[in-house]
2 protein chains.
Amino acid sequence: MPHCPLGPSRRVCRLLTENLSRPSLPFPPQMDQDRGWWGWGGGGRKLKSHLYFEMAFGWFAKPVEEKTPLRHHEEMKAAFMAEMKTENIKHFLFNFTQRPHLAGTKENLYLAQQVQAEWKEFGLDSVQLVHYDVLLSYPDENQPNYVSVIDEHGNEVFNTSLSEPPPAGYEAVGDVVPPYSAFSAQGVPEGELVYVNYGRTEDFFKLEREMGINCTGKIVIARYGKIFRGNKVKNAELAGAKGIILYSDPADYCAPGVDPYPNGWNLPGGGAQRGNVLNLNGAGDPLTPGYPAKEYTYRLDKASGVGLPKIPVHPIGYHDAESLLRNMGGSAPPHSSWKGNLNVSYNVGPGFTTNYSTRKVKMHIHSNNKVTRIYNVIGTIRGTVEPDRYVILGGHRDSWVFGGIDPQSGAAVVHEIVRSFGKLKKEGWRPRRTVIFASWDAEEFGLLGSTEWAEENAKLLQSRGVAYINADSSIEGNYTLRVDCTPLMYRLVYSVTKEIPSPDEGFEGKSLYESWYKKNPSTEYKEVPRINKLGSGNDFEVFFQRLGIASGRARYSKNWNVEKYSSYPVYHSVYETYEIVERFYDPSFKNHLTVAQVRGGLVFELANSVLLPFDCRDYASALSNYAHIIYNMSRNHEEELAIYNVSFDALFSAVKNFTEVADSFHDRLQQIDINNLLAVRSLNDQLMFLERAFIDPLGLPGRPFYRHVIFAPSSHNKYAGESFPGIYDAMFDIKNKADQDEAWKEVKRQISIAAFTVQAAAGTLKEVA
Amino acid sequence: MPHCPLGPSRRVCRLLTENLSRPSLPFPPQMDQDRGWWGWGGGGRKLKSHLYFEMAFGWFAKPVEEKTPLRHHEEMKAAFMAEMKTENIKHFLFNFTQRPHLAGTKENLYLAQQVQAEWKEFGLDSVQLVHYDVLLSYPDENQPNYVSVIDEHGNEVFNTSLSEPPPAGYEAVGDVVPPYSAFSAQGVPEGELVYVNYGRTEDFFKLEREMGINCTGKIVIARYGKIFRGNKVKNAELAGAKGIILYSDPADYCAPGVDPYPNGWNLPGGGAQRGNVLNLNGAGDPLTPGYPAKEYTYRLDKASGVGLPKIPVHPIGYHDAESLLRNMGGSAPPHSSWKGNLNVSYNVGPGFTTNYSTRKVKMHIHSNNKVTRIYNVIGTIRGTVEPDRYVILGGHRDSWVFGGIDPQSGAAVVHEIVRSFGKLKKEGWRPRRTVIFASWDAEEFGLLGSTEWAEENAKLLQSRGVAYINADSSIEGNYTLRVDCTPLMYRLVYSVTKEIPSPDEGFEGKSLYESWYKKNPSTEYKEVPRINKLGSGNDFEVFFQRLGIASGRARYSKNWNVEKYSSYPVYHSVYETYEIVERFYDPSFKNHLTVAQVRGGLVFELANSVLLPFDCRDYASALSNYAHIIYNMSRNHEEELAIYNVSFDALFSAVKNFTEVADSFHDRLQQIDINNLLAVRSLNDQLMFLERAFIDPLGLPGRPFYRHVIFAPSSHNKYAGESFPGIYDAMFDIKNKADQDEAWKEVKRQISIAAFTVQAAAGTLKEVA
């Protein structure tokens, strides 16, 4: 029995229930198999344990000495899980949200130094501040940004507000940056206004193709929601607009029956959503694409930075939007689905400017792009057995204002996870692999801190990176868990969530897995909770989409079937305070603790299991699913498939081969002698490099930093993940492409690349010689 | 003492002299330290052994049990080295050269099947034929290629010959492909002829800038030599030529005082050099760049294939060249250095066409590009301890005609190496790591077999590839050894060559290292033999330049200081027969054996040493050397360096850091407990991935498949290696670039990329956590 560093006061009730380092459940997991779970204090909830059941499944039939390393793993995990406390998370959240922590400001450097000092105190082996000099964007303090309605003489008859009314208690806080669209082009364009609904690709198609409305030379106004704002801006540019106004419509940012903050958690009418409007496509710092923004790094001219919008952009709240639109007059919206919930909804619609043709809109945008120093905090615990294998937990620290939810509800959880790992380490334990903790800077400005760090450390990450767990906001609702991850982690997520008690009302004594499954079952796989594809819009991007490191993220979310508003109402406004969390979202902080247990549990298993807790068979299922989806999409073009001789056979054949090879690999894994260190290392390397095998160094067409052939952020919405993105994009709107022959050739080329990549990935799972 | 599989008849005289798995010599090696070497039979030469000397250095002071694994390694190496025999190599060479083995023909498939069968018989674990369908190029059997001189009426008053006179004894052999330039464009252009010397960049600069000669619309004639023929063709295209004739001038293809074959080894006047004229820049099959040319792979249209010349190209011998030029008349060459050794040398010079303006040259080129199946033979011996680490020995099998030198003098050596490894394996031994043997197809058509295989297996090679040893022609002369390799292998090459007896006259009892050093000392490093940078033009290209796998090559070569002719005279002609080797180049085959021992010895050490025999300190020295070279080159532009604020400081700083980190790494390596399997694996992984760390996935500008930041094939001569190629190319001819500001920005960008890459590579050698 190895040394147990835990004092007698710790209750380590959970005994061996299953080999978590290698889930051996049939897939999908059998929900009717009642299991003993946890019992590590925490909320004081205790749950029935069915040890007799586990015994029946054979664990206790094995000699005791065989179980020792696993028992130690389980005991340490139980101690780790029990160490995390709601009160600490609450305390950290309060501490992190008392001032704004805008990237590039002194306040955010001070917070970095505080985090560094505390992580050291928690016991990490090393904690470094790592800086980069990246392009950021700030409003001009002397020339505020706003939008006017101008009359026929050019007089500004209405101006949007210059700031949000501060929440009670925060009136005296300085350095609250007013709402702005970071990286907007400068300019004072004026023109007629055209309403473009959400500004999605399909919205512009409708405008241009069905309604015959040309946006060239117009200023467009789009409501926030549905897609990443940068995509809206890109679409407006492509449509020829000379400016774009983004506003929060009550339809998208107010839940029915809920008061605006501070009496409820809806967005007040004076609130507006900050955010960057870049189209970086994974490049990181716009001036140093592909390389870290260090002192010695060559920088592009500011004018030729990657992904910078070419037109002015500005965000407004719904009060201003209402006034603005009311002043403009207009016709009814073209389609009921385009209608928001503004009181002036009757005025909202494309072409409504024709009523008041003498009135125009004028934007006044004076924000500056500026190379600014940012700071990541990077902490490590060195692994004992495989220090050269890295499991990374990262989340950002910078916030638009107070960051009550985004990101500090995540950063507070990371802090508590670090403290808990540190506690175990102080008591003599270390994980098998090295764990790296990261507090990223400038996520809000385009994932810059994480991307620059990954660029600087790409060579190490490629050869040593096992997994990346992302930790932005822990909550965006309080209904159930939401997970996006690589198929390699599906089973790990399921097994970890089976060991965590559900925080939900009505699920007392049940596991998180159970409440999650009940509330959000998968529509793709039988009898498991839904897990989504990874898209982007967060710091995992560079790790997953560029480097091919297995990644995942988890948070507490809302009921998407019922709650139609986008993200959460006060997102990126000044109203994202500690109080909105403490009063409305998670007063007990039990959802935060649950998310800490999920994120921490994943990191623990990834860092400490002898065999990596990845299951390649689930990648096979996912690939098969995605292949069928893209094939079915192609069948909208049966005629062209025949004319241009387009076949998906090679892709299906590759998926079939991958499936067989994955099954064989899994069988070999069951038979491994875990005392054979090099054999274990070799199989683990095959598992580690599997995600890497999906990376094509040539990148996706036009997106050199999105290199994963199976997944990419959607070209139409950075937030969403697209499967087989190369094929998808080649087929997108293909009927309207001028050169059909070339267009279908590109589809064939993309199918070929996908088939090759899947075959090659299968090759990595075969016996090594 | 481990089981010794060798029978009592084997003489295993060489005892422990030094730890070859980790050379610990000071650098540069001390030549005055006389060492005991070999003694493994072979040529019957025996050499003094200085065991007492080694004992004085402490080896025998250690307990016997510590030496056991090393002793076993040394004994097995001695057995392996002694196994290889001149007679076998000779026999294999004879066998491989009796028929033409042009890529894509039945004969070369049959040879592949023979090699497969024999490698199986030799005892390899597996031997596979692996095929690809790649673009090849053949003359049209019904429409021969030739060049005419036409008079003012268009009559062909002179035609070049359609084939080479066959060598005695080979008159009846069919399927000898006539001399042609593979992948030439089809066409029958006619025009005035312009002599362009070697067709190098500097030759065209001289023509255009100093002599004011415009090649637009002309047919140019270049002599072979100095640079890769594809570069000549590219230069001609860029100069606007509508066709290019390549000829072998006696100045470049005849050694003074030597008879033409068969009485000597000079090129006969009717001989001509075949060869591809592609500018693939590492793409492999022109129709499937970046992906393996499998059945399912999407292919570009033939017209848009990568690197295909746009103009007709044809090679001729010096008899035809003489007649052609004599018919044209002309003035004296512009510069004495441009004058070849033809009897019509007085006629050779740019502008000579002005004398006979009515006479033009007409090319008749009808070769076809055709997708054709090629076959690699891939054999493996599975490693015992680390089967997931690959050491690769590869050389091509296809030849233009008989391949007496190119490639069969190499293939015969590979065959003997495989046989010898197989022998040891049959006796119960296996190497620590997996060894892969490859007989590549279609090297002559653009390194296609090796590149397609590496494309198919890139994911495996990236994560498991330790080293690649190239094995084309074993000889191009009989003077001394010639080695091109990564700096990581310098010390390994030196230590291996110190253990091999010199085959040279006058060096009886001395090592290969000694004769090599004496005949070709390094001008860069003190007291060691010269080792060259890797360029391209051979099958290591994809492994080294694209994938970053440590690579090396070795062959017996001529005295470059004296022998000014290019490569060897009969290169790529029908006169490359078995007999030219057996009569002139290496009658005893002892040079072949020496090359077998070098190549085989490298593979043995790489595959079987516990610690990888790479020394990162030599990379540091090389980087420092290259940084100084490129910096000194920049100093031709002192004024611009100041104006545009160009600094190399970041690069020198990175090199300094690399040097320090490499020293520390080396120190740690000395202290490792070699019984700690995972610690050994981890350090070996750092060594293995070091070469990989120099790979930039974005590639060099305009050359996406040349990804090594430190080395690339020269943009002006594929055969040569250029260091810091990105910076070099940015500065090349910079004074003549139109936009000086943009040009110097690109220099700065390239310095930045180089500095980053060296820093990042240093990062991989630091302690892992």
# chains A, B, ... in the order shown; residues from 1 in each chain; ligands from 1
$ select_by_dssp --residues "segment 285-467 of chain A" --states "alpha helix (DSSP H)" --output "ChimeraX atom specification"
/A:318-328,408-426,448-456,458-464
$ residues_around --residues "segment 423-439 of chain B" --least-positions-apart "5" --cutoff "7 Å" --atoms "only C-alpha atoms" --output "ChimeraX atom specification"
/A:769 /B:5,80,122-123,376-397,607-608
$ write_last_selection --atoms "N, CA, C and O atoms" --output "mmCIF file, in the first residue's frame"
data_model
loop_
_atom_site.group_PDB
_atom_site.id
_atom_site.type_symbol
_atom_site.label_atom_id
_atom_site.label_comp_id
_atom_site.auth_asym_id
_atom_site.auth_seq_id
_atom_site.Cartn_x
_atom_site.Cartn_y
_atom_site.Cartn_z
ATOM 1 N N ALA A 769 5.136 -2.114 -35.552
ATOM 2 C CA ALA A 769 6.117 -2.740 -36.458
ATOM 3 C C ALA A 769 5.765 -4.211 -36.637
ATOM 4 O O ALA A 769 5.040 -4.775 -35.831
ATOM 5 N N PRO B 5 25.123 -15.298 -30.743
ATOM 6 C CA PRO B 5 24.614 -16.164 -31.809
ATOM 7 C C PRO B 5 25.668 -16.543 -32.831
ATOM 8 O O PRO B 5 25.383 -17.258 -33.782
ATOM 9 N N PHE B 80 28.198 -7.949 -37.491
ATOM 10 C CA PHE B 80 27.469 -7.361 -38.618
ATOM 11 C C PHE B 80 28.442 -6.824 -39.666
ATOM 12 O O PHE B 80 28.314 -7.105 -40.865
ATOM 13 N N PHE B 122 16.334 -13.375 -46.846
ATOM 14 C CA PHE B 122 17.388 -12.915 -45.936
ATOM 15 C C PHE B 122 16.911 -12.908 -44.481
ATOM 16 O O PHE B 122 17.715 -12.858 -43.564
ATOM 17 N N GLY B 123 15.582 -12.892 -44.310
ATOM 18 C CA GLY B 123 15.086 -13.027 -42.941
ATOM 19 C C GLY B 123 14.354 -11.829 -42.362
ATOM 20 O O GLY B 123 14.076 -11.799 -41.157
ATOM 21 N N ASN B 376 7.518 0.571 -54.550
ATOM 22 C CA ASN B 376 8.598 0.527 -53.569
ATOM 23 C C ASN B 376 8.618 -0.862 -52.937
ATOM 24 O O ASN B 376 7.573 -1.508 -52.807
ATOM 25 N N VAL B 377 9.780 -1.295 -52.520
ATOM 26 C CA VAL B 377 9.876 -2.491 -51.687
ATOM 27 C C VAL B 377 10.213 -2.005 -50.279
ATOM 28 O O VAL B 377 11.193 -1.272 -50.091
ATOM 29 N N ILE B 378 9.376 -2.384 -49.320
ATOM 30 C CA ILE B 378 9.564 -1.929 -47.941
ATOM 31 C C ILE B 378 9.720 -3.149 -47.038
ATOM 32 O O ILE B 378 8.795 -3.955 -46.912
ATOM 33 N N GLY B 379 10.902 -3.282 -46.451
ATOM 34 C CA GLY B 379 11.168 -4.409 -45.555
ATOM 35 C C GLY B 379 11.440 -3.922 -44.149
ATOM 36 O O GLY B 379 11.941 -2.814 -43.958
ATOM 37 N N THR B 380 11.084 -4.731 -43.167
ATOM 38 C CA THR B 380 11.332 -4.309 -41.782
ATOM 39 C C THR B 380 11.912 -5.424 -40.934
ATOM 40 O O THR B 380 11.652 -6.615 -41.146
ATOM 41 N N ILE B 381 12.717 -4.998 -39.972
ATOM 42 C CA ILE B 381 13.063 -5.855 -38.833
ATOM 43 C C ILE B 381 12.505 -5.158 -37.604
ATOM 44 O O ILE B 381 12.849 -3.997 -37.337
ATOM 45 N N ARG B 382 11.645 -5.829 -36.911
ATOM 46 C CA ARG B 382 11.023 -5.230 -35.737
ATOM 47 C C ARG B 382 12.043 -5.090 -34.614
ATOM 48 O O ARG B 382 12.812 -6.017 -34.329
ATOM 49 N N GLY B 383 12.033 -3.918 -33.976
ATOM 50 C CA GLY B 383 12.927 -3.695 -32.842
ATOM 51 C C GLY B 383 12.442 -4.430 -31.613
ATOM 52 O O GLY B 383 11.251 -4.685 -31.461
ATOM 53 N N THR B 384 13.374 -4.751 -30.748
ATOM 54 C CA THR B 384 12.990 -5.478 -29.527
ATOM 55 C C THR B 384 12.440 -4.545 -28.462
ATOM 56 O O THR B 384 11.360 -4.756 -27.940
ATOM 57 N N VAL B 385 13.221 -3.537 -28.137
ATOM 58 C CA VAL B 385 12.899 -2.703 -26.984
ATOM 59 C C VAL B 385 12.000 -1.548 -27.374
ATOM 60 O O VAL B 385 11.055 -1.198 -26.673
ATOM 61 N N GLU B 386 12.291 -0.945 -28.503
ATOM 62 C CA GLU B 386 11.519 0.206 -28.970
ATOM 63 C C GLU B 386 11.064 -0.022 -30.408
ATOM 64 O O GLU B 386 11.561 0.621 -31.329
ATOM 65 N N PRO B 387 10.135 -0.944 -30.591
ATOM 66 C CA PRO B 387 9.670 -1.203 -31.962
ATOM 67 C C PRO B 387 9.018 0.023 -32.611
ATOM 68 O O PRO B 387 8.915 0.085 -33.831
ATOM 69 N N ASP B 388 8.612 0.975 -31.794
ATOM 70 C CA ASP B 388 7.966 2.179 -32.332
ATOM 71 C C ASP B 388 8.959 3.299 -32.609
ATOM 72 O O ASP B 388 8.587 4.468 -32.683
ATOM 73 N N ARG B 389 10.208 2.956 -32.783
ATOM 74 C CA ARG B 389 11.196 3.920 -33.236
ATOM 75 C C ARG B 389 11.826 3.372 -34.512
ATOM 76 O O ARG B 389 12.255 2.215 -34.529
ATOM 77 N N TYR B 390 11.833 4.224 -35.558
ATOM 78 C CA TYR B 390 12.207 3.732 -36.886
ATOM 79 C C TYR B 390 13.527 4.327 -37.360
ATOM 80 O O TYR B 390 13.697 5.546 -37.375
ATOM 81 N N VAL B 391 14.426 3.453 -37.772
ATOM 82 C CA VAL B 391 15.632 3.867 -38.483
ATOM 83 C C VAL B 391 15.489 3.335 -39.899
ATOM 84 O O VAL B 391 15.229 2.147 -40.095
ATOM 85 N N ILE B 392 15.632 4.214 -40.856
ATOM 86 C CA ILE B 392 15.324 3.862 -42.242
ATOM 87 C C ILE B 392 16.573 3.912 -43.108
ATOM 88 O O ILE B 392 17.347 4.879 -43.055
ATOM 89 N N LEU B 393 16.769 2.857 -43.881
ATOM 90 C CA LEU B 393 17.813 2.846 -44.903
ATOM 91 C C LEU B 393 17.117 2.713 -46.249
ATOM 92 O O LEU B 393 16.431 1.721 -46.496
ATOM 93 N N GLY B 394 17.272 3.728 -47.085
ATOM 94 C CA GLY B 394 16.557 3.680 -48.353
ATOM 95 C C GLY B 394 17.420 4.136 -49.513
ATOM 96 O O GLY B 394 18.272 5.014 -49.381
ATOM 97 N N GLY B 395 17.174 3.500 -50.645
ATOM 98 C CA GLY B 395 17.853 3.912 -51.869
ATOM 99 C C GLY B 395 16.983 3.491 -53.037
ATOM 100 O O GLY B 395 16.131 2.605 -52.892
ATOM 101 N N HIS B 396 17.199 4.100 -54.175
ATOM 102 C CA HIS B 396 16.281 3.767 -55.265
ATOM 103 C C HIS B 396 16.749 2.584 -56.093
ATOM 104 O O HIS B 396 17.908 2.155 -56.022
ATOM 105 N N ARG B 397 15.787 2.048 -56.810
ATOM 106 C CA ARG B 397 16.017 0.842 -57.613
ATOM 107 C C ARG B 397 15.890 1.154 -59.088
ATOM 108 O O ARG B 397 16.486 0.487 -59.932
ATOM 109 N N ALA B 607 20.163 2.219 -34.770
ATOM 110 C CA ALA B 607 19.087 1.304 -34.415
ATOM 111 C C ALA B 607 19.340 0.596 -33.095
ATOM 112 O O ALA B 607 18.399 0.143 -32.450
ATOM 113 N N ASN B 608 20.579 0.490 -32.700
ATOM 114 C CA ASN B 608 20.870 -0.399 -31.570
ATOM 115 C C ASN B 608 21.469 0.273 -30.342
ATOM 116 O O ASN B 608 21.506 -0.340 -29.279
#
$ residues_around --residues "Gly243 of chain B" --least-positions-apart "6" --cutoff "7 Å" --atoms "only C-alpha atoms" --output "ChimeraX atom specification"
/B:189,219-220,311-313
$ residues_around --residues "Glu444 of chain A" --least-positions-apart "2" --cutoff "10 Å" --atoms "only C-alpha atoms" --output "list of chain:residue names"
A:Leu102, A:Ala103, A:Leu136, A:Ala182, A:Arg274, A:Gly275, A:Asn276, A:His396, A:Arg397, A:Asp398, A:Ser399, A:Trp400, A:Asp406, A:Pro407, A:Asp441, A:Ala442, A:Gly446, A:Leu447, A:Leu448, A:Gly449, A:Gly537, A:Asn538, A:Asp539, A:His572
$ closest_residue --among "A:Gln750, A:Thr68, A:Ser714, A:Ser723" --to "chain B" --atoms "only C-alpha atoms"
A:Gln750
$ residues_around --residues "segment 654-657 of chain A" --least-positions-apart "2" --cutoff "8 Å" --atoms "only C-alpha atoms" --output "VMD selection string"
chain A and resid 620 623 to 624 627 650 to 652 659 to 661 755 to 756 758 to 759 762
$ select_by_dssp --residues "segment 473-591 of chain B" --states "strand (DSSP E or B)" --output "list in words"
Ile475, Thr480, Leu481, Arg482, Val483, Asp484, Cys485, Pro501, Ser511, Pro521, Pro529, Asn532, Ala550, Ser551, Gly552, Arg553, Ala554, Arg555, Tyr556 and Ser557 of chain B
$ closest_residue --among "A:His91, A:Ile365, A:Asn266, A:Tyr375" --to "Gly104 of chain A" --atoms "only C-alpha atoms"
A:Tyr375
$ residues_around --residues "Ile549 of chain B" --least-positions-apart "2" --cutoff "9 Å" --atoms "only C-alpha atoms" --output "list in words"
Leu461, Gln462, Gly465, Val466, Ala467, Tyr468, Val542, Phe543, Phe544, Gln545, Arg546, Leu547, Ser551, Met688, Phe689, Leu690, Glu691 and Arg692 of chain B
$ residues_around --residues "Leu135 of chain B" --least-positions-apart "3" --cutoff "7 Å" --atoms "only C-alpha atoms" --output "PyMOL selection string"
chain B and resi 285-287+369-372
$ write_last_selection --atoms "C-alpha atoms" --output "PDB file, in the first residue's frame"
ATOM      1  CA  ASP B 285       4.124  13.276 -57.714  1.00  0.00           C
ATOM      2  CA  PRO B 286       3.259  16.436 -59.682  1.00  0.00           C
ATOM      3  CA  LEU B 287      -0.451  15.623 -59.644  1.00  0.00           C
ATOM      4  CA  ASN B 369       3.337  12.471 -69.383  1.00  0.00           C
ATOM      5  CA  LYS B 370       1.439   9.455 -68.164  1.00  0.00           C
ATOM      6  CA  VAL B 371       0.083   8.312 -64.814  1.00  0.00           C
ATOM      7  CA  THR B 372       1.937   5.059 -64.205  1.00  0.00           C
TER       8      THR B 372
END
$ closest_residue --among "B:Pro487, B:Val562, B:Asn675, B:Ala730" --to "Pro613 of chain B" --atoms "only C-alpha atoms"
B:Pro487
$ closest_residue --among "B:Val413, B:Val483, B:Leu698, B:Val598" --to "Leu93 of chain B" --atoms "only C-alpha atoms"
B:Val413
$ atom_distance --atom1 "atom CA of Val574 of chain B" --atom2 "atom CA of Ile227 of chain B"
21.6 Å
$ atom_distance --atom1 "atom CA of Val768 of chain B" --atom2 "atom CA of Ala693 of chain B"
14.6 Å
$ atom_distance --atom1 "atom CA of Leu534 of chain A" --atom2 "atom CA of Cys485 of chain A"
5.7 Å
